[in-house]
file entry_37.cif (mmCIF, C-alpha atoms)
data_my_file
loop_
_atom_site.label_atom_id
_atom_site.label_comp_id
_atom_site.auth_asym_id
_atom_site.auth_seq_id
_atom_site.Cartn_x
_atom_site.Cartn_y
_atom_site.Cartn_z
CA MET A 28 0.00 0.00 0.00
CA THR A 29 1.34 3.44 -0.94
CA ALA A 30 2.07 5.72 2.02
CA PRO A 31 -0.05 8.89 2.19
CA ALA A 32 1.64 12.09 1.04
CA VAL A 33 0.79 13.90 4.29
CA VAL A 34 -0.58 12.91 7.69
CA TYR A 35 -2.21 15.37 10.10
CA LEU A 36 -1.61 15.03 13.83
CA HIS A 37 -2.97 17.02 16.76
CA ALA A 38 0.07 18.06 18.81
CA ASP A 39 -1.40 18.75 22.23
CA GLY A 40 1.86 19.60 24.00
CA PRO A 41 5.41 18.29 24.53
CA GLY A 42 5.82 14.54 24.89
CA GLY A 43 2.38 13.55 23.62
CA ALA A 44 1.57 10.39 21.69
CA TRP A 45 1.89 12.40 18.47
CA THR A 46 5.70 12.43 18.79
CA ALA A 47 6.13 8.72 18.03
CA ALA A 48 3.54 8.86 15.24
CA ALA A 49 5.31 11.83 13.63
CA GLY A 50 8.70 10.15 13.72
CA THR A 51 7.34 6.92 12.23
CA ALA A 52 5.57 8.75 9.40
CA LEU A 53 8.55 10.92 8.51
CA ARG A 54 10.96 7.98 8.41
CA ALA A 55 8.51 6.22 6.07
CA GLY A 56 8.70 9.14 3.62
CA THR A 57 5.41 10.77 4.61
CA ALA A 58 5.24 14.48 5.39
CA VAL A 59 3.66 15.44 8.72
CA VAL A 60 1.45 18.41 9.56
CA LEU A 61 1.12 19.13 13.27
CA TYR A 62 -1.63 21.46 14.44
CA ALA A 63 -2.34 22.81 17.90
CA SER A 64 -3.69 25.75 19.82
CA ALA A 65 -1.06 28.25 20.89
CA GLY A 66 -2.36 27.93 24.44
CA SER A 67 -1.37 24.27 24.59
CA TRP A 68 2.25 25.29 23.97
CA SER A 69 2.33 28.24 26.36
CA VAL A 70 5.79 28.91 27.80
CA PRO A 71 6.21 31.50 30.62
CA ASP A 72 9.04 33.99 30.35
CA GLY A 73 12.05 32.93 32.37
CA THR A 74 15.29 31.00 32.22
CA GLY A 75 13.70 28.00 30.52
CA LEU A 76 12.33 30.12 27.69
CA ARG A 77 15.61 31.99 27.25
CA VAL A 78 17.45 28.68 26.88
CA LEU A 79 14.84 27.29 24.49
CA LEU A 80 14.77 30.36 22.23
CA GLY A 81 18.52 30.99 22.23
CA ARG A 82 19.40 33.84 19.86
CA GLU A 83 15.68 34.38 19.10
CA TYR A 84 15.01 35.49 22.66
CA GLN A 85 15.67 39.12 21.72
CA ARG A 86 13.01 38.89 19.00
CA TYR A 87 10.61 37.63 21.64
CA ARG A 88 11.44 40.53 23.96
CA ALA A 89 11.09 43.05 21.12
CA ALA A 90 7.39 42.21 20.91
CA GLY A 91 6.90 43.42 24.47
CA ARG A 92 4.08 45.83 23.63
CA TRP A 93 1.98 43.00 22.19
CA PRO A 94 1.55 40.27 24.84
CA ALA A 95 -0.53 38.05 22.55
CA ALA A 96 2.13 38.20 19.84
CA ARG A 97 4.86 37.37 22.36
CA ALA A 98 2.91 34.40 23.68
CA ARG A 99 2.24 33.08 20.17
CA PHE A 100 5.89 33.54 19.19
CA ALA A 101 7.07 31.56 22.21
CA ALA A 102 4.46 28.84 21.65
CA SER A 103 5.34 28.47 17.96
CA ARG A 104 9.05 28.08 18.75
CA ALA A 105 8.28 25.55 21.46
CA LEU A 106 6.25 23.52 18.96
CA VAL A 107 8.97 23.67 16.30
CA LYS A 108 11.83 22.75 18.60
CA HIS A 109 10.07 19.99 20.53
CA ALA A 110 8.75 18.45 17.32
CA ALA A 111 12.15 18.58 15.61
CA ALA A 112 13.84 17.27 18.75
CA ALA A 113 11.51 14.27 18.83
CA VAL A 114 12.33 13.45 15.20
CA LEU A 115 16.06 14.12 15.35
CA GLU A 116 16.47 12.68 18.86
CA VAL A 117 18.34 15.67 20.25
CA PRO A 118 17.51 18.06 23.13
CA ALA A 119 15.13 20.83 22.04
CA HIS A 120 17.30 23.64 23.44
CA GLU A 121 20.23 22.57 21.23
CA LEU A 122 18.31 23.39 18.05
CA ASP A 123 18.86 26.80 16.47
CA LEU A 124 16.06 28.13 14.27
CA ALA A 125 17.04 30.58 11.52
CA ARG A 126 15.57 32.01 8.28
CA GLY A 127 16.92 31.95 4.75
CA PRO A 128 17.05 35.00 2.43
CA GLY A 129 13.45 34.39 1.28
CA GLY A 130 12.21 34.00 4.85
CA ARG A 131 11.98 30.19 4.85
CA PRO A 132 12.77 28.83 8.33
CA TYR A 133 15.37 26.13 8.83
CA LEU A 134 17.34 24.52 11.64
CA ARG A 135 21.05 25.27 11.53
CA GLY A 136 22.99 22.09 10.88
CA CYS A 137 19.81 20.07 10.19
CA ASP A 138 19.32 20.61 6.47
CA ARG A 139 17.65 17.24 5.98
CA LEU A 140 14.58 18.31 7.96
CA GLY A 141 12.35 20.64 5.95
CA LEU A 142 9.86 22.67 7.96
CA SER A 143 7.21 25.34 7.52
CA LEU A 144 5.32 27.23 10.20
CA SER A 145 1.95 28.95 9.86
CA HIS A 146 -0.44 30.50 12.36
CA THR A 147 -3.85 32.11 12.25
CA GLY A 148 -5.57 33.29 15.40
CA ASP A 149 -4.85 30.70 18.11
CA LEU A 150 -4.03 27.92 15.63
CA LEU A 151 -0.42 26.85 15.07
CA VAL A 152 0.50 24.64 12.11
CA LEU A 153 3.90 23.04 11.57
CA ALA A 154 4.73 20.97 8.47
CA LEU A 155 7.76 18.65 8.49
CA SER A 156 9.47 16.54 5.82
CA LEU A 157 12.70 14.53 5.71
CA ASP A 158 12.70 14.43 1.89
CA GLY A 159 13.11 18.08 0.97
CA PRO A 160 11.54 21.55 1.36
CA ILE A 161 7.92 21.85 2.40
CA GLY A 162 5.53 24.77 2.74
CA ALA A 163 2.26 25.05 4.64
CA ASP A 164 -0.38 27.71 5.16
CA ALA A 165 -3.62 27.83 7.17
CA GLU A 166 -6.71 30.05 7.09
CA PRO A 167 -10.07 29.91 8.90
CA LEU A 168 -12.91 28.72 6.67
CA GLY A 169 -15.93 30.95 6.31
CA ARG A 170 -13.89 34.01 7.27
CA SER A 171 -15.25 36.06 4.40
CA GLY A 172 -16.86 35.83 1.00
CA CYS A 173 -14.95 35.61 -2.24
CA ARG A 174 -13.74 39.17 -2.71
CA ALA A 175 -13.69 39.94 -6.41
CA LEU A 176 -10.74 42.35 -6.18
CA LEU A 177 -8.57 39.85 -4.28
CA ALA A 178 -9.46 37.09 -6.71
CA ARG A 179 -8.57 39.22 -9.75
CA ARG A 180 -5.20 40.10 -8.23
CA ALA A 181 -4.29 36.63 -6.98
CA CYS A 182 -5.89 34.20 -9.47
CA THR A 183 -5.23 33.06 -13.00
CA ALA A 184 -7.97 33.26 -15.62
CA ARG A 185 -8.62 29.54 -15.20
CA GLU A 186 -8.99 29.87 -11.44
CA LEU A 187 -11.39 32.78 -11.87
CA ALA A 188 -13.48 30.69 -14.25
CA ASP A 189 -13.49 27.79 -11.79
CA LEU A 190 -14.62 30.09 -8.97
CA ARG A 191 -17.42 31.62 -11.05
CA ALA A 192 -18.68 28.12 -11.89
CA LEU A 193 -19.29 27.41 -8.20
CA PRO A 194 -22.44 28.33 -6.26
CA VAL A 195 -21.92 31.72 -4.63
CA PRO A 196 -21.85 30.36 -1.01
CA GLU A 197 -18.97 28.01 -1.91
CA ARG A 198 -16.70 30.57 -3.53
CA GLY A 199 -15.22 32.04 -0.36
CA ASP A 200 -13.88 28.73 0.97
CA ALA A 201 -12.70 27.70 -2.51
CA MET A 202 -10.76 30.96 -2.78
CA LEU A 203 -9.14 30.30 0.60
CA ARG A 204 -8.01 26.87 -0.57
CA LEU A 205 -6.36 28.45 -3.62
CA TRP A 206 -4.80 31.18 -1.50
CA THR A 207 -3.31 28.72 1.00
CA LEU A 208 -1.95 26.56 -1.81
CA LYS A 209 -0.20 29.58 -3.31
CA GLU A 210 1.19 30.60 0.08
CA ALA A 211 2.41 27.05 0.72
CA TYR A 212 4.10 26.84 -2.70
CA THR A 213 5.98 30.12 -2.36
CA LYS A 214 7.03 29.17 1.19
CA ALA A 215 8.41 25.86 -0.04
CA LEU A 216 10.27 27.65 -2.84
CA GLY A 217 11.69 30.11 -0.31
CA VAL A 218 10.81 33.13 -2.45
CA GLY A 219 8.42 34.90 -0.08
CA THR A 220 6.39 37.45 -2.04
CA GLY A 221 8.80 37.36 -4.98
CA LEU A 222 6.49 35.20 -7.11
CA PRO A 223 3.23 37.00 -7.99
CA PHE A 224 0.21 34.82 -7.25
CA HIS A 225 -1.50 35.54 -10.57
CA THR A 226 1.39 33.95 -12.49
CA PHE A 227 0.55 30.40 -11.40
CA GLY A 228 -2.55 28.57 -10.29
CA PHE A 229 -4.12 25.35 -9.07
CA THR A 230 -7.01 23.10 -9.81
CA VAL A 231 -8.26 21.28 -6.73
CA GLU A 232 -9.38 17.67 -6.87
CA ASP A 233 -10.75 16.57 -3.49
CA THR A 234 -7.71 16.90 -1.15
CA ALA A 235 -5.10 17.07 -3.93
CA ALA A 236 -4.19 19.96 -6.20
CA VAL A 237 -2.53 20.28 -9.60
CA LEU A 238 -0.29 23.18 -10.60
CA HIS A 239 -0.90 25.13 -13.80
CA GLY A 240 0.66 28.15 -15.47
CA SER A 241 -0.68 31.67 -15.89
CA THR A 242 -2.63 30.81 -19.05
CA GLY A 243 -3.99 27.53 -17.69
CA GLU A 244 -1.46 25.23 -19.32
CA PRO A 245 -0.76 22.14 -17.18
CA VAL A 246 2.51 22.04 -15.30
CA ARG A 247 3.50 18.60 -14.11
CA PRO A 248 6.60 18.85 -11.91
CA VAL A 249 6.85 15.22 -10.83
CA GLU A 250 8.86 16.12 -7.75
CA TRP A 251 6.07 18.30 -6.29
CA THR A 252 3.01 17.22 -4.32
CA PHE A 253 0.20 19.63 -3.32
CA THR A 254 -2.53 18.90 -0.78
CA THR A 255 -5.37 20.84 0.81
CA HIS A 256 -7.18 19.61 3.91
CA ARG A 257 -10.07 20.79 6.06
CA LEU A 258 -9.30 20.50 9.77
CA GLY A 259 -11.96 19.75 12.33
CA THR A 260 -11.03 23.11 13.88
CA GLY A 261 -12.76 24.94 11.01
CA HIS A 262 -9.58 25.77 9.10
CA VAL A 263 -8.11 24.82 5.75
CA VAL A 264 -4.45 23.80 5.63
CA SER A 265 -2.59 23.41 2.35
CA THR A 266 0.88 22.01 1.74
CA ALA A 267 3.44 22.07 -1.06
CA ARG A 268 6.21 19.53 -0.89
CA THR A 269 9.17 18.76 -3.14
CA ARG A 270 11.49 15.81 -2.89
CA ALA A 271 15.16 16.64 -2.87
CA ALA A 272 17.23 15.22 -5.71
CA GLY A 273 19.24 12.16 -4.85
CA PRO A 274 23.04 12.08 -4.77
#
call {"tool": "encode", "arguments": {"input": "entry_37.cif", "output": "structure tokens"}}
result
Amino acid sequence: MTAPAVVYLHADGPGGAWTAAAGTALRAGTAVVLYASAGSWSVPDGTGLRVLLGREYQRYRAAGRWPAARARFAASRALVKHAAAAVLEVPAHELDLARGPGGRPYLRGCDRLGLSLSHTGDLLVLALSLDGPIGADAEPLGRSGCRALLARRACTARELADLRALPVPERGDAMLRLWTLKEAYTKALGVGTGLPFHTFGFTVEDTAAVLHGSTGEPVRPVEWTFTTHRLGTGHVVSTARTRAAGP
């Protein structure tokens, strides 16, 4: 039986049953998406947090005027480091999180573990892969209708046609799935906002997606896999994953 491209696990805090499941899936070649509330990864300020954050502690302190932002920052780093530590079998405080030129996060000295972090409201999402770069993005479903201006700026002509073919009540969530796929893809590429969203698009087929070019021509990069998934929390999470070339 073929392993699934991605598995979703609820990470309800350090040391939970999800740690073994994540490690098993990753070693089998499956990407893992962990999701959790920021509150379940709350870390009080103090010596333990300073050790865990390392050189990022100053970034945490710089957000002093926004307590909610500080708390979410600390929780997201706790999730990343404890999850990576469980997979790599090293102490969490020894891991050093950094960002590449395009903003893509990585662990210094741990190039084989691809990761992507997303958050919206109280939800934290962390995607992990041992086979190459991965990107993930999350948005709350039903947040708003399909805004015509946003769609025209972010969608290809084919995507706009697909949206217009849907019943009006379904367009908002369909647009969010496309948006999160585009965010996930550019995160995995490590280009940030350098790739305009209207220059590439997706067609969604159940939980999978297919990449196409700006004029709707199919693009079939065999090394890429795209998924979009509705969480029970009322969010959509999309991933873009590429397998690194062999030696």
call {"tool": "closest_residue", "arguments": {"input": "entry_37.cif", "among": "A:Asp158, A:Glu232, A:Glu250, A:Asp149", "to": "His262 in chain A", "atoms": "all atoms listed in the file"}}
result
A:Asp149
call {"tool": "atom_distance", "arguments": {"input": "entry_37.cif", "atom1": "CA of Leu258 in chain A", "atom2": "CA of Ala102 in chain A"}}
result
20.0 Å
call {"tool": "residues_around", "arguments": {"input": "entry_37.cif", "residues": "range 55-61 of chain A", "least_positions_apart": "4", "cutoff": "6 Å", "atoms": "all atoms listed in the file", "output": "PyMOL selection string"}}
result
chain A and resi 32-38+152-156
call {"tool": "atom_distance", "arguments": {"input": "entry_37.cif", "atom1": "CA of Glu83 in chain A", "atom2": "CA of Leu124 in chain A"}}
result
7.9 Å
call {"tool": "residues_around", "arguments": {"input": "entry_37.cif", "residues": "range 67-71 of chain A", "least_positions_apart": "4", "cutoff": "8 Å", "atoms": "all atoms listed in the file", "output": "number ranges by chain"}}
result
A: 39-41, 63, 76, 98-99, 101-103, 105-106
call {"tool": "atom_distance", "arguments": {"input": "entry_37.cif", "atom1": "CA of Pro128 in chain A", "atom2": "CA of Leu142 in chain A"}}
result
15.3 Å
call {"tool": "closest_residue", "arguments": {"input": "entry_37.cif", "among": "A:Phe100, A:Trp45, A:Phe229, A:Tyr87", "to": "Thr242 in chain A", "atoms": "only C-alpha atoms"}}
result
A:Phe229
call {"tool": "closest_residue", "arguments": {"input": "entry_37.cif", "among": "A:Pro31, A:Gly136, A:Gly217, A:Gly243", "to": "Leu187 in chain A", "atoms": "all atoms listed in the file"}}
result
A:Gly243
call {"tool": "resolve_selection", "arguments": {"input": "entry_37.cif", "expression": "the PyMOL selection byres ((chain A and resi 205) around 10)", "output": "VMD selection string"}}
result
chain A and resid 178 181 to 182 186 190 200 to 204 206 to 211 224 228 to 231 236 255 265
call {"tool": "residues_around", "arguments": {"input": "entry_37.cif", "residues": "His109 in chain A", "least_positions_apart": "2", "cutoff": "10 Å", "atoms": "only C-alpha atoms", "output": "JSON, numbers by chain"}}
result
{"A": [40, 41, 42, 46, 79, 104, 105, 106, 107, 111, 112, 113, 114, 115, 116, 117, 118, 119, 120, 122]}
call {"tool": "resolve_selection", "arguments": {"input": "entry_37.cif", "expression": "the PyMOL selection byres ((chain A and resi 266) around 6)", "output": "PDB file with C-alpha atoms, in the frame of the given file"}}
result
ATOM      1  CA  GLY A 162       5.530  24.770   2.740  1.00  0.00           C
ATOM      2  CA  ALA A 163       2.260  25.050   4.640  1.00  0.00           C
ATOM      3  CA  ALA A 211       2.410  27.050   0.720  1.00  0.00           C
ATOM      4  CA  PHE A 253       0.200  19.630  -3.320  1.00  0.00           C
ATOM      5  CA  THR A 254      -2.530  18.900  -0.780  1.00  0.00           C
ATOM      6  CA  SER A 265      -2.590  23.410   2.350  1.00  0.00           C
ATOM      7  CA  ALA A 267       3.440  22.070  -1.060  1.00  0.00           C
TER       8      ALA A 267
END
call {"tool": "closest_residue", "arguments": {"input": "entry_37.cif", "among": "A:Arg185, A:His225, A:His146, A:Arg139", "to": "Arg270 in chain A", "atoms": "all atoms listed in the file"}}
result
A:Arg139
call {"tool": "axis_aligned_box", "arguments": {"input": "entry_37.cif", "around": "range 103-121 of chain A", "padding_each_side": "6 Å", "output": "lines of an AutoDock Vina configuration file"}}
result
center_x = 12.8
center_y = 20.6
center_z = 19.3
size_x = 26.9
size_y = 27.8
size_z = 20.2
call {"tool": "resolve_selection", "arguments": {"input": "entry_37.cif", "expression": "the PyMOL selection byres ((chain A and resi 126) around 12)", "output": "PyMOL selection string"}}
result
chain A and resi 83+123-125+127-135+142-144+214+217-219
call {"tool": "closest_residue", "arguments": {"input": "entry_37.cif", "among": "A:Pro194, A:Gly50, A:Gly240, A:Gly91", "to": "Thr226 in chain A", "atoms": "all atoms listed in the file"}}
result
A:Gly240
call {"tool": "residues_around", "arguments": {"input": "entry_37.cif", "residues": "Val78 in chain A", "least_positions_apart": "4", "cutoff": "9 Å", "atoms": "all atoms listed in the file", "output": "list in words"}}
result
Gly73, Thr74, Arg82, Tyr84, His120 and Glu121 of chain A
call {"tool": "closest_residue", "arguments": {"input": "entry_37.cif", "among": "A:Ala65, A:Ile161, A:Ala47, A:Leu80", "to": "Tyr212 in chain A", "atoms": "all atoms listed in the file"}}
result
A:Ile161
call {"tool": "decode", "arguments": {"input": "entry_37.cif", "residues": "range 149-163 of chain A", "atoms": "all heavy atoms", "output": "PDB file, in the first residue's frame"}}
result
ATOM      1  N   ASP A 149      -5.485  31.540  17.093  1.00  0.00           N
ATOM      2  CA  ASP A 149      -4.854  30.702  18.109  1.00  0.00           C
ATOM      3  C   ASP A 149      -4.303  29.401  17.533  1.00  0.00           C
ATOM      4  O   ASP A 149      -3.717  28.605  18.255  1.00  0.00           O
ATOM      5  CB  ASP A 149      -5.880  30.380  19.218  1.00  0.00           C
ATOM      6  CG  ASP A 149      -5.250  29.694  20.418  1.00  0.00           C
ATOM      7  OD1 ASP A 149      -4.256  30.238  20.953  1.00  0.00           O
ATOM      8  OD2 ASP A 149      -5.727  28.607  20.815  1.00  0.00           O
ATOM      9  N   LEU A 150      -4.465  29.176  16.235  1.00  0.00           N
ATOM     10  CA  LEU A 150      -4.027  27.918  15.632  1.00  0.00           C
ATOM     11  C   LEU A 150      -2.576  28.009  15.163  1.00  0.00           C
ATOM     12  O   LEU A 150      -2.194  28.939  14.454  1.00  0.00           O
ATOM     13  CB  LEU A 150      -4.913  27.566  14.434  1.00  0.00           C
ATOM     14  CG  LEU A 150      -4.556  26.255  13.728  1.00  0.00           C
ATOM     15  CD1 LEU A 150      -4.985  25.055  14.567  1.00  0.00           C
ATOM     16  CD2 LEU A 150      -5.192  26.188  12.340  1.00  0.00           C
ATOM     17  N   LEU A 151      -1.787  27.006  15.555  1.00  0.00           N
ATOM     18  CA  LEU A 151      -0.422  26.854  15.065  1.00  0.00           C
ATOM     19  C   LEU A 151      -0.381  25.634  14.150  1.00  0.00           C
ATOM     20  O   LEU A 151      -0.976  24.596  14.459  1.00  0.00           O
ATOM     21  CB  LEU A 151       0.560  26.636  16.224  1.00  0.00           C
ATOM     22  CG  LEU A 151       0.665  27.721  17.282  1.00  0.00           C
ATOM     23  CD1 LEU A 151       1.642  27.285  18.366  1.00  0.00           C
ATOM     24  CD2 LEU A 151       1.116  29.034  16.662  1.00  0.00           C
ATOM     25  N   VAL A 152       0.338  25.744  13.039  1.00  0.00           N
ATOM     26  CA  VAL A 152       0.500  24.638  12.108  1.00  0.00           C
ATOM     27  C   VAL A 152       1.979  24.518  11.762  1.00  0.00           C
ATOM     28  O   VAL A 152       2.627  25.508  11.403  1.00  0.00           O
ATOM     29  CB  VAL A 152      -0.322  24.864  10.823  1.00  0.00           C
ATOM     30  CG1 VAL A 152       0.037  23.823   9.766  1.00  0.00           C
ATOM     31  CG2 VAL A 152      -1.812  24.809  11.126  1.00  0.00           C
ATOM     32  N   LEU A 153       2.503  23.304  11.894  1.00  0.00           N
ATOM     33  CA  LEU A 153       3.901  23.038  11.568  1.00  0.00           C
ATOM     34  C   LEU A 153       3.964  21.847  10.622  1.00  0.00           C
ATOM     35  O   LEU A 153       3.475  20.764  10.945  1.00  0.00           O
ATOM     36  CB  LEU A 153       4.701  22.726  12.838  1.00  0.00           C
ATOM     37  CG  LEU A 153       6.141  22.243  12.636  1.00  0.00           C
ATOM     38  CD1 LEU A 153       7.002  23.329  11.995  1.00  0.00           C
ATOM     39  CD2 LEU A 153       6.754  21.784  13.964  1.00  0.00           C
ATOM     40  N   ALA A 154       4.549  22.048   9.438  1.00  0.00           N
ATOM     41  CA  ALA A 154       4.732  20.968   8.469  1.00  0.00           C
ATOM     42  C   ALA A 154       6.190  20.535   8.485  1.00  0.00           C
ATOM     43  O   ALA A 154       7.099  21.368   8.540  1.00  0.00           O
ATOM     44  CB  ALA A 154       4.337  21.432   7.073  1.00  0.00           C
ATOM     45  N   LEU A 155       6.410  19.220   8.433  1.00  0.00           N
ATOM     46  CA  LEU A 155       7.756  18.648   8.489  1.00  0.00           C
ATOM     47  C   LEU A 155       7.938  17.620   7.381  1.00  0.00           C
ATOM     48  O   LEU A 155       7.002  16.883   7.050  1.00  0.00           O
ATOM     49  CB  LEU A 155       7.989  17.960   9.836  1.00  0.00           C
ATOM     50  CG  LEU A 155       7.871  18.809  11.097  1.00  0.00           C
ATOM     51  CD1 LEU A 155       7.825  17.911  12.330  1.00  0.00           C
ATOM     52  CD2 LEU A 155       9.028  19.791  11.190  1.00  0.00           C
ATOM     53  N   SER A 156       9.147  17.542   6.829  1.00  0.00           N
ATOM     54  CA  SER A 156       9.475  16.544   5.822  1.00  0.00           C
ATOM     55  C   SER A 156      10.965  16.215   5.909  1.00  0.00           C
ATOM     56  O   SER A 156      11.788  17.110   6.120  1.00  0.00           O
ATOM     57  CB  SER A 156       9.149  17.057   4.416  1.00  0.00           C
ATOM     58  OG  SER A 156       9.635  16.166   3.429  1.00  0.00           O
ATOM     59  N   LEU A 157      11.294  14.944   5.744  1.00  0.00           N
ATOM     60  CA  LEU A 157      12.700  14.527   5.707  1.00  0.00           C
ATOM     61  C   LEU A 157      13.204  14.360   4.277  1.00  0.00           C
ATOM     62  O   LEU A 157      14.340  13.962   4.072  1.00  0.00           O
ATOM     63  CB  LEU A 157      12.880  13.206   6.466  1.00  0.00           C
ATOM     64  CG  LEU A 157      12.858  13.295   7.998  1.00  0.00           C
ATOM     65  CD1 LEU A 157      12.898  11.899   8.611  1.00  0.00           C
ATOM     66  CD2 LEU A 157      14.029  14.131   8.512  1.00  0.00           C
ATOM     67  N   ASP A 158      12.345  14.666   3.293  1.00  0.00           N
ATOM     68  CA  ASP A 158      12.705  14.432   1.894  1.00  0.00           C
ATOM     69  C   ASP A 158      12.977  15.697   1.097  1.00  0.00           C
ATOM     70  O   ASP A 158      13.235  15.618  -0.103  1.00  0.00           O
ATOM     71  CB  ASP A 158      11.588  13.646   1.199  1.00  0.00           C
ATOM     72  CG  ASP A 158      11.481  12.223   1.724  1.00  0.00           C
ATOM     73  OD1 ASP A 158      12.535  11.663   2.071  1.00  0.00           O
ATOM     74  OD2 ASP A 158      10.368  11.697   1.816  1.00  0.00           O
ATOM     75  N   GLY A 159      12.884  16.854   1.705  1.00  0.00           N
ATOM     76  CA  GLY A 159      13.108  18.083   0.968  1.00  0.00           C
ATOM     77  C   GLY A 159      12.255  19.209   1.507  1.00  0.00           C
ATOM     78  O   GLY A 159      11.511  19.030   2.484  1.00  0.00           O
ATOM     79  N   PRO A 160      12.307  20.396   0.890  1.00  0.00           N
ATOM     80  CA  PRO A 160      11.542  21.549   1.363  1.00  0.00           C
ATOM     81  C   PRO A 160      10.046  21.297   1.365  1.00  0.00           C
ATOM     82  O   PRO A 160       9.514  20.561   0.537  1.00  0.00           O
ATOM     83  CB  PRO A 160      11.920  22.653   0.363  1.00  0.00           C
ATOM     84  CG  PRO A 160      13.241  22.231  -0.185  1.00  0.00           C
ATOM     85  CD  PRO A 160      13.190  20.743  -0.242  1.00  0.00           C
ATOM     86  N   ILE A 161       9.363  21.940   2.295  1.00  0.00           N
ATOM     87  CA  ILE A 161       7.916  21.851   2.396  1.00  0.00           C
ATOM     88  C   ILE A 161       7.381  23.217   2.797  1.00  0.00           C
ATOM     89  O   ILE A 161       8.058  23.985   3.498  1.00  0.00           O
ATOM     90  CB  ILE A 161       7.503  20.771   3.426  1.00  0.00           C
ATOM     91  CG1 ILE A 161       5.977  20.513   3.372  1.00  0.00           C
ATOM     92  CG2 ILE A 161       7.960  21.118   4.833  1.00  0.00           C
ATOM     93  CD1 ILE A 161       5.550  19.283   4.145  1.00  0.00           C
ATOM     94  N   GLY A 162       6.191  23.536   2.342  1.00  0.00           N
ATOM     95  CA  GLY A 162       5.528  24.774   2.735  1.00  0.00           C
ATOM     96  C   GLY A 162       4.122  24.462   3.205  1.00  0.00           C
ATOM     97  O   GLY A 162       3.500  23.508   2.740  1.00  0.00           O
ATOM     98  N   ALA A 163       3.614  25.251   4.138  1.00  0.00           N
ATOM     99  CA  ALA A 163       2.258  25.054   4.645  1.00  0.00           C
ATOM    100  C   ALA A 163       1.642  26.404   4.965  1.00  0.00           C
ATOM    101  O   ALA A 163       2.340  27.347   5.353  1.00  0.00           O
ATOM    102  CB  ALA A 163       2.252  24.171   5.891  1.00  0.00           C
TER     103      ALA A 163
END
